[in-house]
>>> print(open('my_file-v1.csv').read())   # CSV, C-alpha atoms and all ligand atoms
chain,number,residue,atom,x,y,z
A,253,MET,CA,26.3,20.1,5.4
A,254,THR,CA,23.4,21.9,3.8
A,255,TYR,CA,21.0,20.6,1.3
A,256,PHE,CA,19.4,23.9,0.4
A,257,LYS,CA,21.3,25.6,-2.3
A,258,SER,CA,20.0,29.1,-2.7
A,259,GLY,CA,18.4,29.8,-6.1
A,260,SER,CA,18.0,26.1,-6.9
A,261,SER,CA,14.5,24.8,-7.7
A,262,ASN,CA,14.6,22.9,-4.4
A,263,SER,CA,15.4,25.8,-2.1
A,264,PHE,CA,11.8,26.2,-0.9
A,265,ILE,CA,11.7,22.7,0.5
A,266,GLY,CA,13.3,24.0,3.7
A,267,CYS,CA,10.1,25.9,4.4
A,268,LEU,CA,8.0,22.8,4.2
A,269,ILE,CA,9.3,20.9,7.2
A,270,LEU,CA,6.4,19.3,8.9
A,271,MET,CA,5.4,20.1,12.5
A,272,ILE,CA,5.4,16.9,14.5
A,273,SER,CA,2.3,17.7,16.3
A,274,ILE,CA,-0.1,15.9,18.5
A,275,SER,CA,-3.5,16.3,16.9
A,276,SER,CA,-6.8,14.7,17.1
A,277,ALA,CA,-8.9,13.4,14.3
A,278,PHE,CA,-12.1,11.5,14.0
A,279,VAL,CA,-11.9,7.9,12.9
A,280,GLY,CA,-14.3,5.1,13.4
A,281,ARG,CA,-12.0,2.9,15.5
A,282,VAL,CA,-8.5,3.3,16.8
A,283,SER,CA,-6.5,0.3,17.7
A,284,ALA,CA,-3.0,-0.9,18.4
A,285,GLN,CA,-3.8,-4.0,16.5
A,286,VAL,CA,-4.9,-4.6,12.9
A,287,ARG,CA,-7.0,-7.7,12.0
A,288,VAL,CA,-5.7,-8.9,8.6
A,289,GLY,CA,-7.6,-11.4,6.6
A,290,ILE,CA,-4.8,-13.7,5.3
A,291,LEU,CA,-4.7,-16.1,2.4
A,292,VAL,CA,-8.2,-15.0,1.6
A,293,LYS,CA,-8.0,-16.1,-2.1
A,294,GLN,CA,-6.8,-19.6,-1.4
A,295,ASN,CA,-10.1,-21.1,0.0
A,296,LEU,CA,-8.2,-23.4,2.3
A,297,ARG,CA,-9.8,-26.4,4.1
A,298,THR,CA,-6.8,-27.3,6.3
A,299,VAL,CA,-3.9,-25.6,8.0
A,300,LEU,CA,-1.2,-26.9,10.2
A,301,ILE,CA,-0.1,-24.6,13.0
A,302,SER,CA,3.0,-24.7,15.2
A,303,PRO,CA,4.5,-22.2,17.6
A,304,ALA,CA,7.8,-20.5,16.5
A,305,GLN,CA,8.4,-18.1,19.4
A,306,GLY,CA,6.6,-17.5,22.7
A,307,LYS,CA,3.8,-19.6,24.2
A,308,TYR,CA,0.6,-20.5,22.4
A,309,ILE,CA,-2.8,-21.8,23.5
A,310,LEU,CA,-5.9,-22.7,21.5
A,311,THR,CA,-9.3,-21.5,22.7
A,312,ASN,CA,-12.8,-22.2,21.6
A,313,GLU,CA,-15.6,-19.7,20.7
A,314,LEU,CA,-16.3,-19.3,24.4
A,315,SER,CA,-12.7,-18.3,25.1
A,316,ASP,CA,-12.1,-21.5,27.1
A,317,THR,CA,-8.6,-22.8,26.7
A,318,ILE,CA,-8.8,-26.2,25.1
A,319,TYR,CA,-5.1,-26.8,24.3
A,320,THR,CA,-1.7,-25.6,25.4
A,321,PHE,CA,1.0,-26.1,22.8
A,322,ARG,CA,4.3,-27.7,23.6
A,323,THR,CA,7.5,-26.4,22.0
A,324,ASP,CA,7.7,-29.1,19.3
A,325,ASP,CA,4.0,-29.3,18.7
A,326,ALA,CA,1.7,-28.9,15.7
A,327,VAL,CA,-2.1,-28.7,15.5
A,328,SER,CA,-4.1,-29.4,12.3
A,329,VAL,CA,-7.3,-27.4,11.8
A,330,SER,CA,-9.6,-28.8,9.2
A,331,GLN,CA,-13.0,-27.7,8.0
A,332,VAL,CA,-15.7,-30.4,8.0
A,333,GLY,CA,-19.0,-28.9,6.9
A,334,ASP,CA,-19.6,-25.9,9.2
A,335,ARG,CA,-17.3,-27.2,11.9
A,336,LEU,CA,-13.6,-27.3,12.6
A,337,VAL,CA,-11.8,-30.5,13.6
A,338,VAL,CA,-8.6,-29.8,15.6
A,339,LYS,CA,-6.0,-32.5,16.2
A,340,SER,CA,-2.5,-32.8,17.6
A,341,ALA,CA,-0.1,-35.7,18.1
A,342,TYR,CA,-0.4,-35.1,21.8
A,343,GLY,CA,-4.0,-36.1,22.1
A,344,LEU,CA,-6.1,-33.1,21.0
A,345,ASN,CA,-9.1,-34.2,19.0
A,346,ASP,CA,-12.0,-31.9,19.1
A,347,THR,CA,-14.8,-30.4,17.0
A,348,LEU,CA,-15.4,-26.6,17.3
A,349,THR,CA,-17.5,-23.9,15.6
A,350,SER,CA,-14.4,-21.5,15.6
A,351,CYS,CA,-11.1,-21.2,17.4
A,352,PHE,CA,-8.5,-18.7,18.4
A,353,LEU,CA,-4.8,-19.3,18.5
A,354,ILE,CA,-3.4,-16.9,21.2
A,355,GLY,CA,0.2,-16.1,21.7
A,356,SER,CA,2.0,-14.6,24.7
A,357,GLY,CA,5.5,-13.5,25.4
A,358,ASN,CA,7.7,-11.0,23.5
A,359,GLY,CA,7.6,-11.5,19.8
A,360,ALA,CA,5.1,-14.4,19.9
A,361,ALA,CA,5.1,-16.0,16.4
A,362,PHE,CA,3.6,-19.1,14.8
A,363,LYS,CA,4.3,-21.1,11.7
A,364,MET,CA,1.6,-22.2,9.4
A,365,ARG,CA,1.7,-24.8,6.6
A,366,VAL,CA,-0.9,-24.6,3.9
A,367,GLY,CA,-1.3,-26.9,0.9
A,368,ASN,CA,0.1,-24.9,-2.0
A,369,GLU,CA,2.8,-22.9,-0.3
A,370,PRO,CA,6.3,-24.2,-0.8
A,371,GLN,CA,7.5,-23.2,2.7
A,372,ASP,CA,6.0,-22.6,6.2
A,373,LEU,CA,4.5,-19.2,6.6
A,374,LEU,CA,5.4,-17.1,9.7
A,375,TYR,CA,3.0,-14.8,11.4
A,376,TYR,CA,3.1,-12.8,14.7
A,377,ASP,CA,0.6,-12.6,17.5
A,378,SER,CA,-2.8,-14.3,17.2
A,379,LEU,CA,-5.1,-16.0,14.7
A,380,GLN,CA,-8.8,-16.5,14.5
A,381,ILE,CA,-10.1,-19.4,12.4
A,382,LEU,CA,-13.7,-19.8,11.3
A,383,PRO,CA,-15.3,-22.2,8.8
A,384,GLU,CA,-17.1,-20.5,5.9
A,385,THR,CA,-18.7,-21.9,2.8
A,386,LYS,CA,-15.7,-21.0,0.6
A,387,GLY,CA,-13.1,-22.3,3.0
A,388,LEU,CA,-11.4,-21.2,6.2
A,389,ARG,CA,-11.5,-17.6,7.3
A,390,LEU,CA,-8.1,-16.8,8.8
A,391,VAL,CA,-7.8,-13.5,10.6
A,392,ASN,CA,-4.3,-12.6,12.0
A,393,ALA,CA,-4.7,-10.0,14.8
A,394,VAL,CA,-1.3,-8.4,14.8
A,395,SER,CA,0.3,-5.3,16.2
A,396,VAL,CA,0.1,-2.3,13.9
A,397,GLU,CA,3.9,-2.0,13.9
A,398,ARG,CA,4.5,-5.7,12.9
A,399,TYR,CA,1.9,-5.3,10.2
A,400,VAL,CA,3.6,-2.1,8.9
A,401,SER,CA,7.1,-3.6,8.7
A,402,ARG,CA,5.9,-6.5,6.6
A,403,VAL,CA,4.0,-4.3,4.2
A,404,VAL,CA,6.9,-2.0,3.9
A,405,GLN,CA,9.2,-4.9,3.1
A,406,ALA,CA,6.9,-6.2,0.4
A,407,GLU,CA,6.3,-2.7,-1.1
A,408,VAL,CA,9.9,-1.4,-1.1
A,409,GLY,CA,12.1,-4.5,-1.2
A,410,TYR,CA,15.7,-4.4,-0.2
A,411,GLY,CA,18.5,-1.8,-0.4
A,412,ALA,CA,16.6,1.5,0.0
A,413,ALA,CA,17.8,4.3,2.3
A,414,GLU,CA,16.7,4.1,5.9
A,415,GLU,CA,14.9,7.4,5.6
A,416,TYR,CA,12.9,6.0,2.7
A,417,TYR,CA,11.7,3.0,4.7
A,418,LYS,CA,10.5,5.5,7.3
A,419,ILE,CA,8.5,7.3,4.7
A,420,GLN,CA,6.8,4.2,3.4
A,421,SER,CA,6.1,3.1,7.1
A,422,ILE,CA,4.1,6.3,7.7
A,423,ILE,CA,2.3,6.0,4.4
A,424,CYS,CA,1.4,2.3,5.0
A,425,ARG,CA,0.3,2.9,8.7
A,426,THR,CA,-1.8,5.9,7.6
A,427,TYR,CA,-3.5,3.7,4.9
A,428,ALA,CA,-4.2,0.9,7.4
A,429,ILE,CA,-5.7,3.1,10.1
A,430,ARG,CA,-7.8,4.9,7.6
A,431,ASN,CA,-9.1,1.7,6.2
A,432,LEU,CA,-10.0,-0.2,9.3
A,433,GLU,CA,-13.6,-0.6,8.2
A,434,ARG,CA,-12.8,-1.6,4.6
A,435,HIS,CA,-13.5,-5.3,5.2
A,436,ALA,CA,-16.0,-5.0,8.1
A,437,LEU,CA,-18.5,-7.2,6.3
A,438,ASP,CA,-15.8,-9.9,5.8
A,439,GLY,CA,-15.0,-10.0,9.5
A,440,TYR,CA,-11.6,-8.3,9.4
A,441,ASP,CA,-10.0,-4.9,8.8
A,442,VAL,CA,-7.8,-5.3,5.8
A,443,CYS,CA,-7.0,-8.1,3.4
A,444,ASP,CA,-3.4,-9.4,2.6
A,445,HIS,CA,-3.2,-8.7,-1.1
A,446,GLU,CA,-3.0,-5.7,-3.5
A,447,HIS,CA,-6.7,-4.8,-2.9
A,448,CYS,CA,-5.5,-3.4,0.5
A,449,GLN,CA,-1.7,-3.8,1.0
A,450,VAL,CA,0.4,-6.8,0.4
A,451,TYR,CA,1.1,-8.6,3.7
A,452,SER,CA,3.0,-11.9,3.2
A,453,GLY,CA,3.8,-14.6,5.7
A,454,SER,CA,6.8,-15.7,3.6
A,455,LYS,CA,8.6,-12.4,3.7
A,456,ASN,CA,9.9,-11.5,7.1
A,457,PRO,CA,11.1,-7.9,7.2
A,458,THR,CA,14.9,-7.3,7.5
A,459,ASP,CA,16.3,-5.7,10.7
A,460,GLU,CA,16.8,-2.5,8.7
A,461,VAL,CA,13.1,-2.3,7.9
A,462,VAL,CA,12.0,-3.1,11.4
A,463,LYS,CA,14.3,-0.4,12.8
A,464,ALA,CA,13.0,2.2,10.3
A,465,THR,CA,9.4,1.3,11.2
A,466,ALA,CA,10.1,1.5,14.9
A,467,ALA,CA,11.7,5.0,14.4
A,468,THR,CA,8.3,6.3,13.2
A,469,SER,CA,6.3,4.1,15.5
A,470,GLY,CA,2.6,5.1,15.7
A,471,LEU,CA,3.0,8.1,13.3
A,472,VAL,CA,0.2,8.8,10.8
A,473,MET,CA,-0.5,11.7,8.5
A,474,LEU,CA,-3.3,14.2,9.0
A,475,SER,CA,-4.6,16.7,6.5
A,476,ALA,CA,-5.0,20.4,7.3
A,477,GLU,CA,-8.7,19.4,7.9
A,478,ASN,CA,-7.5,17.0,10.6
A,479,ASP,CA,-8.5,13.8,8.7
A,480,LEU,CA,-6.3,10.8,8.1
A,481,ILE,CA,-5.0,11.4,4.6
A,482,LEU,CA,-5.4,9.2,1.5
A,483,SER,CA,-1.7,8.4,1.3
A,484,ALA,CA,-1.5,7.9,-2.4
A,485,PHE,CA,1.8,7.1,-4.1
A,486,HIS,CA,3.1,6.0,-7.4
A,487,SER,CA,6.4,4.8,-9.0
A,488,ASN,CA,7.6,7.9,-10.9
A,489,CYS,CA,5.8,11.2,-11.6
A,490,GLY,CA,8.0,12.1,-14.7
A,491,GLY,CA,8.8,15.6,-13.3
A,492,GLN,CA,5.4,16.7,-12.1
A,493,THR,CA,2.8,15.0,-9.8
A,494,ALA,CA,-0.9,15.1,-10.7
A,495,ASN,CA,-3.8,16.8,-9.0
A,496,SER,CA,-6.1,14.2,-7.4
A,497,GLU,CA,-9.2,15.7,-9.1
A,498,ASP,CA,-7.6,15.3,-12.5
A,499,VAL,CA,-7.2,11.6,-12.1
A,500,TRP,CA,-9.9,10.5,-9.6
A,501,LYS,CA,-12.5,13.3,-9.8
A,502,GLU,CA,-12.3,14.0,-6.0
A,503,GLU,CA,-10.3,17.1,-4.9
A,504,ARG,CA,-8.1,16.8,-1.8
A,505,SER,CA,-6.2,19.7,-0.3
A,506,TYR,CA,-3.0,17.6,0.2
A,507,LEU,CA,-3.0,15.9,-3.2
A,508,LYS,CA,-1.9,18.8,-5.3
A,509,SER,CA,0.5,18.9,-8.3
A,510,VAL,CA,4.2,19.6,-7.4
A,511,ASN,CA,7.2,19.8,-9.7
A,512,ASP,CA,9.8,17.1,-9.0
A,513,THR,CA,13.3,17.0,-10.5
A,514,PHE,CA,14.5,14.3,-8.2
A,515,CYS,CA,13.0,11.3,-10.2
A,516,LEU,CA,14.1,12.4,-13.6
A,517,SER,CA,17.2,10.3,-13.7
A,518,SER,CA,15.4,7.1,-12.5
A,519,ARG,CA,14.6,4.2,-14.8
A,520,SER,CA,10.9,4.9,-15.1
A,521,ALA,CA,11.2,8.6,-16.0
A,522,THR,CA,10.4,8.2,-19.7
A,523,TRP,CA,8.6,5.8,-22.0
A,524,GLU,CA,7.5,5.5,-25.6
A,525,LYS,CA,4.6,3.7,-27.4
A,526,SER,CA,3.3,3.7,-30.9
A,527,ILE,CA,-0.4,2.9,-31.8
A,528,GLU,CA,-2.0,2.7,-35.2
A,529,LEU,CA,-3.9,5.9,-35.9
A,530,ALA,CA,-7.1,4.0,-37.0
A,531,GLU,CA,-7.1,2.0,-33.8
A,532,PHE,CA,-6.4,5.0,-31.7
A,533,SER,CA,-9.3,7.0,-33.2
A,534,ALA,CA,-11.6,4.0,-33.0
A,535,GLN,CA,-10.9,3.4,-29.3
A,536,LEU,CA,-11.5,7.1,-28.5
A,537,GLY,CA,-14.7,6.9,-30.6
A,538,TRP,CA,-13.5,9.8,-32.8
A,539,SER,CA,-14.4,9.9,-36.5
A,540,ASN,CA,-11.7,9.7,-39.2
A,541,GLY,CA,-10.2,13.1,-39.9
A,542,VAL,CA,-10.1,14.5,-36.4
A,543,LEU,CA,-6.6,13.2,-36.1
A,544,ALA,CA,-4.3,13.0,-39.1
A,545,ASN,CA,-0.6,12.9,-40.0
A,546,ASP,CA,1.5,15.8,-38.8
A,547,PHE,CA,-0.8,16.4,-35.9
A,548,GLY,CA,1.1,17.2,-32.7
A,549,TRP,CA,0.1,17.8,-29.0
A,550,LYS,CA,2.2,18.5,-26.0
A,551,GLN,CA,2.0,18.6,-22.2
A,552,PRO,CA,4.6,21.1,-21.0
A,553,ASP,CA,2.6,20.7,-17.7
A,554,ARG,CA,0.2,17.9,-16.9
A,555,LYS,CA,-3.1,18.3,-18.6
A,556,LYS,CA,-6.4,16.7,-17.7
A,557,TYR,CA,-7.7,16.6,-21.3
A,558,PHE,CA,-6.2,15.6,-24.6
A,559,THR,CA,-7.8,18.0,-27.2
A,560,ALA,CA,-7.9,18.1,-31.0
A,561,GLY,CA,-10.1,20.8,-32.5
A,562,SER,CA,-13.4,20.7,-30.6
A,563,ASP,CA,-12.9,17.1,-29.4
A,564,SER,CA,-11.4,16.2,-26.1
A,565,VAL,CA,-10.9,13.2,-23.9
A,566,GLU,CA,-9.4,12.8,-20.4
A,567,THR,CA,-5.8,11.8,-20.4
A,568,ALA,CA,-6.7,9.3,-17.7
A,569,ASN,CA,-9.1,7.6,-20.1
A,570,ILE,CA,-6.4,7.4,-22.8
A,571,ARG,CA,-4.1,5.8,-20.2
A,572,ARG,CA,-6.7,3.2,-19.3
A,573,LEU,CA,-7.7,2.4,-22.9
A,574,PHE,CA,-4.2,1.7,-24.1
A,575,GLY,CA,-2.5,0.5,-20.9
A,576,LEU,CA,-0.1,3.4,-20.9
A,577,ARG,CA,2.5,3.9,-18.1
A,578,SER,CA,1.2,7.4,-17.3
A,579,THR,CA,-1.1,10.2,-18.4
A,580,TYR,CA,1.9,12.5,-18.9
A,581,PHE,CA,2.6,12.1,-22.6
A,582,ASP,CA,3.1,14.1,-25.8
A,583,ILE,CA,1.6,12.9,-29.1
A,584,GLU,CA,2.9,13.1,-32.7
A,585,ILE,CA,1.3,11.5,-35.6
A,586,THR,CA,3.4,10.3,-38.5
A,587,ASN,CA,2.9,7.6,-41.2
A,588,GLY,CA,-0.5,6.6,-39.8
A,589,ASN,CA,0.9,6.0,-36.3
A,590,VAL,CA,0.3,7.8,-33.1
A,591,ASN,CA,3.6,8.1,-31.4
A,592,LEU,CA,3.4,8.7,-27.6
A,593,THR,CA,6.4,10.0,-25.7
A,594,GLY,CA,5.7,9.8,-22.1
A,595,ARG,CA,7.1,10.6,-18.7
A,596,GLY,CA,6.7,8.8,-15.4
A,597,TYR,CA,5.0,5.5,-14.3
A,598,GLY,CA,1.7,5.3,-12.4
A,599,HIS,CA,-1.2,7.5,-11.7
A,600,GLY,CA,1.0,10.4,-10.6
A,601,VAL,CA,-1.0,11.4,-7.5
A,602,GLY,CA,0.7,12.0,-4.1
A,603,LEU,CA,4.2,10.8,-3.3
A,604,CYS,CA,6.6,9.9,-6.2
A,605,GLN,CA,8.5,6.8,-4.9
A,606,GLN,CA,11.6,7.2,-7.1
A,607,GLY,CA,11.8,10.9,-6.4
A,608,ALA,CA,11.4,10.3,-2.6
A,609,MET,CA,14.1,7.7,-2.8
A,610,LYS,CA,16.5,10.1,-4.4
A,611,MET,CA,15.6,12.8,-1.8
A,612,ALA,CA,16.3,10.3,1.0
A,613,GLU,CA,19.7,9.4,-0.5
A,614,ALA,CA,20.5,13.1,-0.8
A,615,GLY,CA,19.9,13.5,3.0
A,616,TYR,CA,16.4,15.0,3.3
A,617,THR,CA,14.5,13.8,6.3
A,618,TYR,CA,11.2,11.8,6.1
A,619,SER,CA,9.2,14.8,7.4
A,620,GLN,CA,10.7,17.1,4.7
A,621,ILE,CA,10.0,14.6,2.0
A,622,LEU,CA,6.4,13.8,3.1
A,623,GLY,CA,5.8,17.6,3.3
A,624,TYR,CA,7.1,18.0,-0.2
A,625,TYR,CA,4.7,15.6,-1.8
A,626,TYR,CA,1.7,15.9,0.6
A,627,LYS,CA,0.6,19.5,1.0
A,628,GLY,CA,-0.1,20.9,4.4
A,629,VAL,CA,-0.1,17.6,6.3
A,630,SER,CA,1.0,17.0,9.8
A,631,LEU,CA,2.1,13.9,11.7
A,632,ALA,CA,0.2,12.6,14.7
A,633,GLN,CA,0.4,9.5,16.9
A,634,ILE,CA,-2.3,6.9,16.5
A,635,SER,CA,-2.8,7.0,20.2
A,636,SER,CA,-3.9,10.7,20.0
A,637,LEU,CA,-6.7,10.0,17.5
A,638,GLN,CA,-10.1,10.3,19.0
A,639,PRO,CA,-12.7,7.6,18.1
B,701,ZN,ZN,-8.7,-5.6,0.8
B,702,ZN,ZN,8.8,12.3,-9.4
>>> encode(input="my_file-v1.csv", output="structure tokens")
Amino acid sequence: MTYFKSGSSNSFIGCLILMISISSAFVGRVSAQVRVGILVKQNLRTVLISPAQGKYILTNELSDTIYTFRTDDAVSVSQVGDRLVVKSAYGLNDTLTSCFLIGSGNGAAFKMRVGNEPQDLLYYDSLQILPETKGLRLVNAVSVERYVSRVVQAEVGYGAAEEYYKIQSIICRTYAIRNLERHALDGYDVCDHEHCQVYSGSKNPTDEVVKATAATSGLVMLSAENDLILSAFHSNCGGQTANSEDVWKEERSYLKSVNDTFCLSSRSATWEKSIELAEFSAQLGWSNGVLANDFGWKQPDRKKYFTAGSDSVETANIRRLFGLRSTYFDIEITNGNVNLTGRGYGHGVGLCQQGAMKMAEAGYTYSQILGYYYKGVSLAQISSLQP
């Protein structure tokens, strides 16, 4: 079966297959684990921890083992001033300045109950607990692959093609390794909400996601300049992705506009919105008369600026001002209203998720799809990156 019809707009994709190469890049720190600050916004004072799989011990700040969990055991960790009070039904009762929950054995996992969560949360590997003024600092040191599969599950949800889960795994792993220093001042690598990537203890990944993550184990994307790439993605490009410099100022060799017909039949391919002309002009800071009835403006290709006479404003600003789904819109003014007819959903830079999903369903491989949206990138193993 061939997916490259000669003469079709997609025929050139065949030339863009990535080389799976072992390359080196320079990053601050390379690790098989990622330290995730979890439940950072909840300002918790108490957590209840119990082992779910494998063996667990509790150590103090000097790494001395102070407690070995039994199988049906639970330990409460409560903050009292600048100390932690740790207690169990089997006689543990201690006051510490910090503690580590350390798991061993294949797939070591622990359950955690916190006040306002309806169910026990499940995390893998280890946990560091420190008292801070605003509440407990909880840092889950977890293998990169376990982290990636959780983030992919939260980002993609259920029912996507296996190849698509692989794509999102590589994107998410690249993001994590590139951002290992992002929360250095907070005492961990990445946080568990949208600021970094959503990592939830209540959503265990499906076998399908775990399998897809494992199939790309350790793979990250490097630019032609051999740097870990900014693996930007968005929901739907509306037929053409955006240049990075047109949206975020900074130019990147791999974030260049490409045409995309794959996403056009998806649900977010088009949108419409109407805004009163007076309000539209006022928000742009334009005087009356610059825009009037019967004015029309089109983007056959994505444009950085919306222009009328000698006035112009960045389409990215218009999107921000009016909460538009994208910067890829046409304008027509009738009856005192600015009617916007738009394409796509999101900033438009990098990989188009709905297009990539369609490509995956059509049988393209993850390396072909990544090479289509990210120009000139190659794949490398984390272990080959040089600190
Ligand atoms: Zn963050
Ligand atoms: Zn698209």
>>> residues_around(input="my_file-v1.csv", residues="Ala521 in chain A", least_positions_apart="6", cutoff="8 Å", atoms="all atoms listed in the file", output="VMD selection string")
chain A and resid 488 to 491 515 595 to 597
>>> residues_near_ligand(input="my_file-v1.csv", ligand="ligand ZN 702 (chain B)", cutoff="10 Å", atoms="all atoms listed in the file", output="PyMOL selection string")
chain A and resi 486-493+510-518+520-521+595-597+600+602-610+625
>>> write_last_selection(input="my_file-v1.csv", atoms="C-alpha atoms", output="mmCIF file, in the coordinates of the input")
data_model
loop_
_atom_site.group_PDB
_atom_site.id
_atom_site.type_symbol
_atom_site.label_atom_id
_atom_site.label_comp_id
_atom_site.auth_asym_id
_atom_site.auth_seq_id
_atom_site.Cartn_x
_atom_site.Cartn_y
_atom_site.Cartn_z
ATOM 1 C CA HIS A 486 3.100 6.000 -7.400
ATOM 2 C CA SER A 487 6.400 4.800 -9.000
ATOM 3 C CA ASN A 488 7.600 7.900 -10.900
ATOM 4 C CA CYS A 489 5.800 11.200 -11.600
ATOM 5 C CA GLY A 490 8.000 12.100 -14.700
ATOM 6 C CA GLY A 491 8.800 15.600 -13.300
ATOM 7 C CA GLN A 492 5.400 16.700 -12.100
ATOM 8 C CA THR A 493 2.800 15.000 -9.800
ATOM 9 C CA VAL A 510 4.200 19.600 -7.400
ATOM 10 C CA ASN A 511 7.200 19.800 -9.700
ATOM 11 C CA ASP A 512 9.800 17.100 -9.000
ATOM 12 C CA THR A 513 13.300 17.000 -10.500
ATOM 13 C CA PHE A 514 14.500 14.300 -8.200
ATOM 14 C CA CYS A 515 13.000 11.300 -10.200
ATOM 15 C CA LEU A 516 14.100 12.400 -13.600
ATOM 16 C CA SER A 517 17.200 10.300 -13.700
ATOM 17 C CA SER A 518 15.400 7.100 -12.500
ATOM 18 C CA SER A 520 10.900 4.900 -15.100
ATOM 19 C CA ALA A 521 11.200 8.600 -16.000
ATOM 20 C CA ARG A 595 7.100 10.600 -18.700
ATOM 21 C CA GLY A 596 6.700 8.800 -15.400
ATOM 22 C CA TYR A 597 5.000 5.500 -14.300
ATOM 23 C CA GLY A 600 1.000 10.400 -10.600
ATOM 24 C CA GLY A 602 0.700 12.000 -4.100
ATOM 25 C CA LEU A 603 4.200 10.800 -3.300
ATOM 26 C CA CYS A 604 6.600 9.900 -6.200
ATOM 27 C CA GLN A 605 8.500 6.800 -4.900
ATOM 28 C CA GLN A 606 11.600 7.200 -7.100
ATOM 29 C CA GLY A 607 11.800 10.900 -6.400
ATOM 30 C CA ALA A 608 11.400 10.300 -2.600
ATOM 31 C CA MET A 609 14.100 7.700 -2.800
ATOM 32 C CA LYS A 610 16.500 10.100 -4.400
ATOM 33 C CA TYR A 625 4.700 15.600 -1.800
#
>>> residues_near_ligand(input="my_file-v1.csv", ligand="ligand ZN 701 (chain B)", cutoff="12 Å", atoms="all atoms listed in the file", output="ChimeraX atom specification")
/A:287-293,427-428,431-451
>>> atom_distance(input="my_file-v1.csv", atom1="CA of Leu536 in chain A", atom2="CA of Ser509 in chain A")
26.3 Å
>>> atom_distance(input="my_file-v1.csv", atom1="CA of Ala614 in chain A", atom2="CA of Thr458 in chain A")
22.7 Å
>>> residues_around(input="my_file-v1.csv", residues="Glu497 in chain A", least_positions_apart="5", cutoff="9 Å", atoms="only C-alpha atoms", output="ChimeraX atom specification")
/A:502-504,507-508
>>> closest_residue(input="my_file-v1.csv", among="A:Val499, A:Leu543, A:Thr593, A:Met473", to="Ser562 in chain A", atoms="only C-alpha atoms")
A:Leu543
>>> residues_around(input="my_file-v1.csv", residues="Glu384 in chain A", least_positions_apart="2", cutoff="12 Å", atoms="all atoms listed in the file", output="PyMOL selection string")
chain A and resi 292+295-297+330-336+349-350+381-382+386-390+438-439
>>> atom_distance(input="my_file-v1.csv", atom1="CA of Tyr399 in chain A", atom2="CA of Ile423 in chain A")
12.7 Å
>>> residues_around(input="my_file-v1.csv", residues="Tyr376 in chain A", least_positions_apart="4", cutoff="10 Å", atoms="only C-alpha atoms", output="ChimeraX atom specification")
/A:303-306,355,359-363,392-395,398-399,453
>>> residues_around(input="my_file-v1.csv", residues="Ala560 in chain A", least_positions_apart="2", cutoff="12 Å", atoms="all atoms listed in the file", output="list in words")
Ser533, Leu536, Trp538, Ser539, Gly541, Val542, Leu543, Ala544, Phe547, Gly548, Trp549, Lys550, Tyr557, Phe558, Ser562, Asp563, Ser564, Val565, Glu566 and Ile583 of chain A
>>> closest_residue(input="my_file-v1.csv", among="A:Leu374, A:Leu622, A:Val338, A:Val327", to="Phe485 in chain A", atoms="all atoms listed in the file")
A:Leu622
>>> closest_residue(input="my_file-v1.csv", among="A:Ser505, A:Lys525, A:Tyr319, A:Tyr618", to="Ala464 in chain A", atoms="all atoms listed in the file")
A:Tyr618
